[in-house]
Amino acid sequence: MPATIITGLQWGDEGKGKISYLLCRDADCVVRFQGGANAGHTVIVSGKKLKFNMIPAGSAAGAMPCIASGTVVDLDEVFEELDLLRSLGFETKFMISRAANIVLPIHKKLDAMIEELRGGRAVGTTRRGIGPTYSDKALRAGIRIEDLLDRNALMDKLEILKKVHDLEIENSDKLIEYGNRIKPYVGDVELFVNNLLDEGKKVIFEGAQGTLLDIDHGTYPYVTSSNTIAGAACTGCGIGPTRIDEVVGVMKAYSTRVGAGVFPTELFNELGERIREIGQEFGTTTGRPRRVGWLDMPLLRYAVRISDVTWIALTKLDVLSGLDKIKICTEYDLRGKTVEIAPPSVKLLRDAKPTYIELDGWGKMTKEDWKAVSERGWDALPDEAKTYIETIEKLVNKPIKLVSVGAEAGLEVMK
Ligand code: IMP
Ligand code: MG
């Protein structure tokens, strides 16, 4: 499977980092194609916790990292994470698209300012300047990587940007310095990746955030400012749609959401708190507690549909261990009508009453127990866990081929 897209099926934080790491072990290249340092991808390798915000997490498995034009780039993060890769002993072959827009300090300030202005209706952004950077890009006023390599072009563009924002713009010396540091890595990522695919090389497109945070296909306005669905790999990296071989949808064994917005299956009780603690559901980027709830099939069916998912990787199954009962929302009751697949419209979801089925849980399991299960494979899973997985497969009508049962690589079961 030479071209594989990894996409989140919920509100982000599905555990895409680990799945990307696993799929990248025999890949040649891994590409970030949307979003910016709002993403937080964690990988644990040989007991070491590695956090990535800009560089694709799959690079920790040795695949060459690329950042394509559809992203908004925080260069401080890029340099920091390149150092991290170097400290791990990876030769730092890395390429960043000359066309990617960069996040300036002014964008972060604006992000925070707009959030304050929204008051009670704040989106709960990561304040990483994502929205304002994409907005300048759409205005055709953004600063691209290639502009950092050309002082005159940069000055002209900064002049315009100053007028657009009527605010202090950072000094250009710093940007020229960034240009000098990034210069060895600047290239035509889009052509490079297409050529790799021609040669039959394996490329992983590492999505960030999740379907329900997509600016067009998510719970607008409580979304991020990029397209997060599988199709965004095509636009964000200049890959023709017919070149994609498979789409791996990553979903967590329950739902979480960080930031504001509708969440039909949210848990407001002690159980929710317990899952938050056990699952360590606190934002990687911001440290904020994540909201927790049961699986939501109407939204998952929508996500699977919109990205035409080939197979599913189910993550964090271990977190649900020791629960007496586990619920799944199979459909909504929407003003008397049964809804099995729901577009994530805030208006619609506000009135959706989830209908649940209840499954038996399985007993408490230690990390060692899960390790033993991972070594022995699918048959070693507790029967109730198998039933839970198979029920999800049936409800969403897609195969679950990989089940992650712990943060570290090695704690997973293939089916
Ligand atoms: P922004 O992307 O910083 O503009 O934030 C917009 C919304 O997307 C907020 O609700 C954030 O919490 C959410 N968000 C952005 N990136 C991620 C992510 O990587 N995981 C989970 N939520 C995210
Ligand atoms: Mg994350």
# chains A, B, ... in the order shown; residues from 1 in each chain; ligands from 1
>>> residues_near_ligand(ligand="ligand 1", cutoff="6 Å", atoms="only C-alpha atoms and all ligand atoms", output="ChimeraX atom specification")
/A:11-13,38-40,123-128,130-131,208-209,213,222-225,258-260
>>> write_last_selection(atoms="N, CA, C and O atoms", output="mmCIF file, in the first residue's frame")
data_model
loop_
_atom_site.group_PDB
_atom_site.id
_atom_site.type_symbol
_atom_site.label_atom_id
_atom_site.label_comp_id
_atom_site.auth_asym_id
_atom_site.auth_seq_id
_atom_site.Cartn_x
_atom_site.Cartn_y
_atom_site.Cartn_z
ATOM 1 N N TRP A 11 -12.886 13.985 17.439
ATOM 2 C CA TRP A 11 -12.516 15.390 17.624
ATOM 3 C C TRP A 11 -11.009 15.545 17.858
ATOM 4 O O TRP A 11 -10.579 16.388 18.641
ATOM 5 N N GLY A 12 -10.217 14.736 17.212
ATOM 6 C CA GLY A 12 -8.776 14.774 17.455
ATOM 7 C C GLY A 12 -8.415 13.938 18.668
ATOM 8 O O GLY A 12 -9.308 13.407 19.355
ATOM 9 N N ASP A 13 -7.112 13.800 18.902
ATOM 10 C CA ASP A 13 -6.620 13.030 20.061
ATOM 11 C C ASP A 13 -7.062 11.572 20.036
ATOM 12 O O ASP A 13 -7.249 10.953 21.074
ATOM 13 N N ASN A 38 -1.035 23.267 16.550
ATOM 14 C CA ASN A 38 -2.191 22.941 17.401
ATOM 15 C C ASN A 38 -2.258 21.435 17.635
ATOM 16 O O ASN A 38 -2.858 20.971 18.586
ATOM 17 N N ALA A 39 -1.648 20.669 16.753
ATOM 18 C CA ALA A 39 -1.645 19.211 16.890
ATOM 19 C C ALA A 39 -0.660 18.794 17.971
ATOM 20 O O ALA A 39 0.342 19.467 18.198
ATOM 21 N N GLY A 40 -0.946 17.707 18.638
ATOM 22 C CA GLY A 40 -0.001 17.153 19.603
ATOM 23 C C GLY A 40 0.029 15.658 19.422
ATOM 24 O O GLY A 40 -0.917 14.975 19.794
ATOM 25 N N VAL A 123 -14.283 29.542 21.036
ATOM 26 C CA VAL A 123 -14.135 28.220 20.432
ATOM 27 C C VAL A 123 -13.297 27.322 21.346
ATOM 28 O O VAL A 123 -13.447 26.105 21.356
ATOM 29 N N GLY A 124 -12.445 27.974 22.144
ATOM 30 C CA GLY A 124 -11.508 27.194 22.939
ATOM 31 C C GLY A 124 -10.331 26.750 22.096
ATOM 32 O O GLY A 124 -9.936 25.595 22.120
ATOM 33 N N THR A 125 -9.783 27.663 21.304
ATOM 34 C CA THR A 125 -8.661 27.299 20.422
ATOM 35 C C THR A 125 -7.412 27.011 21.251
ATOM 36 O O THR A 125 -7.366 27.299 22.450
ATOM 37 N N THR A 126 -6.421 26.475 20.578
ATOM 38 C CA THR A 126 -5.152 26.186 21.250
ATOM 39 C C THR A 126 -4.293 27.458 21.349
ATOM 40 O O THR A 126 -3.223 27.429 21.921
ATOM 41 N N ARG A 127 -4.772 28.546 20.766
ATOM 42 C CA ARG A 127 -4.062 29.841 20.753
ATOM 43 C C ARG A 127 -2.699 29.736 20.071
ATOM 44 O O ARG A 127 -1.771 30.480 20.398
ATOM 45 N N ARG A 128 -2.597 28.814 19.139
ATOM 46 C CA ARG A 128 -1.359 28.653 18.385
ATOM 47 C C ARG A 128 -1.344 29.478 17.093
ATOM 48 O O ARG A 128 -0.502 29.286 16.236
ATOM 49 N N ILE A 130 -3.527 29.451 14.613
ATOM 50 C CA ILE A 130 -3.906 28.671 13.428
ATOM 51 C C ILE A 130 -4.913 29.432 12.558
ATOM 52 O O ILE A 130 -4.685 29.626 11.356
ATOM 53 N N GLY A 131 -6.010 29.867 13.162
ATOM 54 C CA GLY A 131 -7.061 30.559 12.406
ATOM 55 C C GLY A 131 -6.542 31.811 11.701
ATOM 56 O O GLY A 131 -6.708 31.967 10.489
ATOM 57 N N ALA A 208 -3.835 15.506 11.139
ATOM 58 C CA ALA A 208 -3.899 16.042 12.502
ATOM 59 C C ALA A 208 -5.348 16.447 12.771
ATOM 60 O O ALA A 208 -6.149 16.598 11.857
ATOM 61 N N GLN A 209 -5.689 16.621 14.055
ATOM 62 C CA GLN A 209 -7.070 16.882 14.490
ATOM 63 C C GLN A 209 -7.988 15.746 13.995
ATOM 64 O O GLN A 209 -7.499 14.670 13.708
ATOM 65 N N LEU A 213 -13.626 18.259 13.582
ATOM 66 C CA LEU A 213 -13.020 19.596 13.708
ATOM 67 C C LEU A 213 -12.726 20.196 12.337
ATOM 68 O O LEU A 213 -12.148 21.277 12.229
ATOM 69 N N TYR A 222 -17.308 25.482 15.915
ATOM 70 C CA TYR A 222 -16.397 24.905 16.911
ATOM 71 C C TYR A 222 -15.474 23.907 16.233
ATOM 72 O O TYR A 222 -15.561 22.697 16.450
ATOM 73 N N VAL A 223 -14.619 24.419 15.395
ATOM 74 C CA VAL A 223 -13.752 23.595 14.553
ATOM 75 C C VAL A 223 -12.377 24.247 14.483
ATOM 76 O O VAL A 223 -12.196 25.366 14.965
ATOM 77 N N THR A 224 -11.443 23.567 13.858
ATOM 78 C CA THR A 224 -10.159 24.191 13.588
ATOM 79 C C THR A 224 -10.244 24.866 12.216
ATOM 80 O O THR A 224 -11.285 24.823 11.551
ATOM 81 N N SER A 225 -9.167 25.482 11.762
ATOM 82 C CA SER A 225 -9.265 26.293 10.543
ATOM 83 C C SER A 225 -8.747 25.594 9.292
ATOM 84 O O SER A 225 -8.508 26.240 8.286
ATOM 85 N N VAL A 258 -11.823 18.514 23.246
ATOM 86 C CA VAL A 258 -11.231 19.592 24.028
ATOM 87 C C VAL A 258 -11.644 20.898 23.367
ATOM 88 O O VAL A 258 -11.660 20.997 22.143
ATOM 89 N N GLY A 259 -12.069 21.856 24.172
ATOM 90 C CA GLY A 259 -12.620 23.084 23.607
ATOM 91 C C GLY A 259 -14.139 23.007 23.601
ATOM 92 O O GLY A 259 -14.726 21.994 23.994
ATOM 93 N N ALA A 260 -14.765 24.096 23.138
ATOM 94 C CA ALA A 260 -16.222 24.193 23.209
ATOM 95 C C ALA A 260 -16.896 23.473 22.045
ATOM 96 O O ALA A 260 -16.237 23.000 21.131
#
>>> residues_around(residues="stretch 355-365 of chain A", least_positions_apart="5", cutoff="6 Å", atoms="only C-alpha atoms", output="list in words")
Ser321, Gly322, Leu323, Asp324, Lys325, Ile326, Lys327, Ile328, Cys329, Thr330, Glu331, Tyr332 and Glu384 of chain A
>>> residues_near_ligand(ligand="ligand 2", cutoff="12 Å", atoms="only C-alpha atoms and all ligand atoms", output="PyMOL selection string")
chain A and resi 8+10-18+35-43+51-54+57+126+207-210+252+256-258+280-288+290
>>> residues_around(residues="A:Glu177", least_positions_apart="6", cutoff="12 Å", atoms="only C-alpha atoms", output="ChimeraX atom specification")
/A:75-76,148-151,171,183
>>> write_last_selection(atoms="N, CA and C atoms", output="tab-separated table (two decimals), in the first residue's frame")
chain	number	residue	atom	x	y	z
A	75	LEU	N	7.85	27.74	13.11
A	75	LEU	CA	9.25	27.35	12.87
A	75	LEU	C	10.02	27.04	14.15
A	76	ASP	N	9.69	27.73	15.25
A	76	ASP	CA	10.37	27.41	16.51
A	76	ASP	C	10.17	25.93	16.86
A	148	LEU	N	10.96	33.83	3.27
A	148	LEU	CA	12.02	34.02	4.26
A	148	LEU	C	13.40	33.97	3.62
A	149	LEU	N	13.44	33.50	2.39
A	149	LEU	CA	14.73	33.36	1.71
A	149	LEU	C	15.03	34.56	0.83
A	150	ASP	N	14.12	35.54	0.84
A	150	ASP	CA	14.25	36.67	-0.07
A	150	ASP	C	13.86	37.95	0.69
A	151	ARG	N	14.88	38.67	1.17
A	151	ARG	CA	14.65	39.82	2.04
A	151	ARG	C	13.70	40.86	1.43
A	171	ASN	N	9.99	42.15	14.09
A	171	ASN	CA	11.08	42.64	13.23
A	171	ASN	C	11.51	41.58	12.23
A	183	LYS	N	16.64	27.14	5.32
A	183	LYS	CA	17.03	27.04	3.91
A	183	LYS	C	17.45	25.63	3.45
>>> residues_around(residues="A:Val186", least_positions_apart="5", cutoff="9 Å", atoms="only C-alpha atoms", output="list in words")
Phe94, Met95, Ile96, Ser97, Arg98, Ile145 and Glu146 of chain A
>>> atom_distance(atom1="atom CA of A:Leu320", atom2="atom CA of A:Ile5")
27.3 Å
>>> closest_residue(among="A:Ala303, A:Thr315, A:Glu266, A:Pro382", to="A:Lys353", atoms="only C-alpha atoms")
A:Glu266
>>> closest_residue(among="A:Val292, A:Leu317, A:Leu349, A:Ala68", to="A:Leu191", atoms="only C-alpha atoms")
A:Ala68
>>> residues_around(residues="A:Glu412", least_positions_apart="6", cutoff="6 Å", atoms="only C-alpha atoms", output="list in words")
Ser374, Val403, Ser404 and Val405 of chain A
>>> residues_around(residues="A:Gly70", least_positions_apart="4", cutoff="10 Å", atoms="only C-alpha atoms", output="ChimeraX atom specification")
/A:32-36,97,99-101,134,226-227,232-238
>>> residues_around(residues="A:Tyr21", least_positions_apart="3", cutoff="12 Å", atoms="only C-alpha atoms", output="MDAnalysis selection string")
chainID A and resid 6 15:18 24:27 29:30 41:45 50 52 56:65 204:206 407:410
>>> write_last_selection(atoms="C-alpha atoms", output="PDB file, in the first residue's frame")
ATOM      1  CA  ILE A   6      -4.206   8.463   8.451  1.00  0.00           C
ATOM      2  CA  GLY A  15      -4.020   8.429  19.081  1.00  0.00           C
ATOM      3  CA  LYS A  16      -2.949   9.045  15.490  1.00  0.00           C
ATOM      4  CA  GLY A  17       0.674   9.538  16.609  1.00  0.00           C
ATOM      5  CA  LYS A  18       1.134   5.943  17.706  1.00  0.00           C
ATOM      6  CA  CYS A  24       5.811   4.191   9.389  1.00  0.00           C
ATOM      7  CA  ARG A  25       8.080   1.355  10.487  1.00  0.00           C
ATOM      8  CA  ASP A  26       8.315   0.181   6.887  1.00  0.00           C
ATOM      9  CA  ALA A  27       7.525   3.508   5.194  1.00  0.00           C
ATOM     10  CA  CYS A  29       8.330   9.083   3.972  1.00  0.00           C
ATOM     11  CA  VAL A  30       5.741  10.626   6.283  1.00  0.00           C
ATOM     12  CA  HIS A  41       1.156  13.712  18.558  1.00  0.00           C
ATOM     13  CA  THR A  42       2.775  11.548  21.205  1.00  0.00           C
ATOM     14  CA  VAL A  43       4.858   8.456  20.596  1.00  0.00           C
ATOM     15  CA  ILE A  44       6.455   6.300  23.271  1.00  0.00           C
ATOM     16  CA  VAL A  45       9.493   4.403  22.067  1.00  0.00           C
ATOM     17  CA  LEU A  50       8.273  11.916  22.363  1.00  0.00           C
ATOM     18  CA  PHE A  52       5.546  16.253  18.172  1.00  0.00           C
ATOM     19  CA  PRO A  56       5.126  14.122  11.666  1.00  0.00           C
ATOM     20  CA  ALA A  57       5.291  11.674  14.577  1.00  0.00           C
ATOM     21  CA  GLY A  58       5.918   8.747  12.225  1.00  0.00           C
ATOM     22  CA  SER A  59       9.435  10.101  11.724  1.00  0.00           C
ATOM     23  CA  ALA A  60      10.323   8.539  15.106  1.00  0.00           C
ATOM     24  CA  ALA A  61      10.052   5.206  13.270  1.00  0.00           C
ATOM     25  CA  GLY A  62      12.668   6.329  10.766  1.00  0.00           C
ATOM     26  CA  ALA A  63      10.505   7.512   7.845  1.00  0.00           C
ATOM     27  CA  MET A  64      11.700  10.773   6.291  1.00  0.00           C
ATOM     28  CA  PRO A  65       9.555  13.664   7.588  1.00  0.00           C
ATOM     29  CA  ILE A 204       2.162   7.879   5.015  1.00  0.00           C
ATOM     30  CA  PHE A 205       0.067  11.037   5.126  1.00  0.00           C
ATOM     31  CA  GLU A 206      -0.291  11.890   8.800  1.00  0.00           C
ATOM     32  CA  ALA A 407       0.500   4.131  24.657  1.00  0.00           C
ATOM     33  CA  GLU A 408       3.731   2.296  23.925  1.00  0.00           C
ATOM     34  CA  ALA A 409       4.558   0.629  20.655  1.00  0.00           C
ATOM     35  CA  GLY A 410       4.173  -3.108  21.260  1.00  0.00           C
TER      36      GLY A 410
END
>>> select_by_dssp(residues="stretch 62-225 of chain A", states="helix (DSSP H, G or I)", output="VMD selection string")
chain A and resid 75 to 87 105 to 121 130 to 138 145 to 149 151 to 165 172 to 185 189 to 198 211 to 213
>>> closest_residue(among="A:Ile275, A:Val247, A:Leu104, A:Val346", to="A:Lys162", atoms="only C-alpha atoms")
A:Leu104
>>> atom_distance(atom1="atom CA of A:Ser255", atom2="atom CA of A:Asn269")
14.6 Å
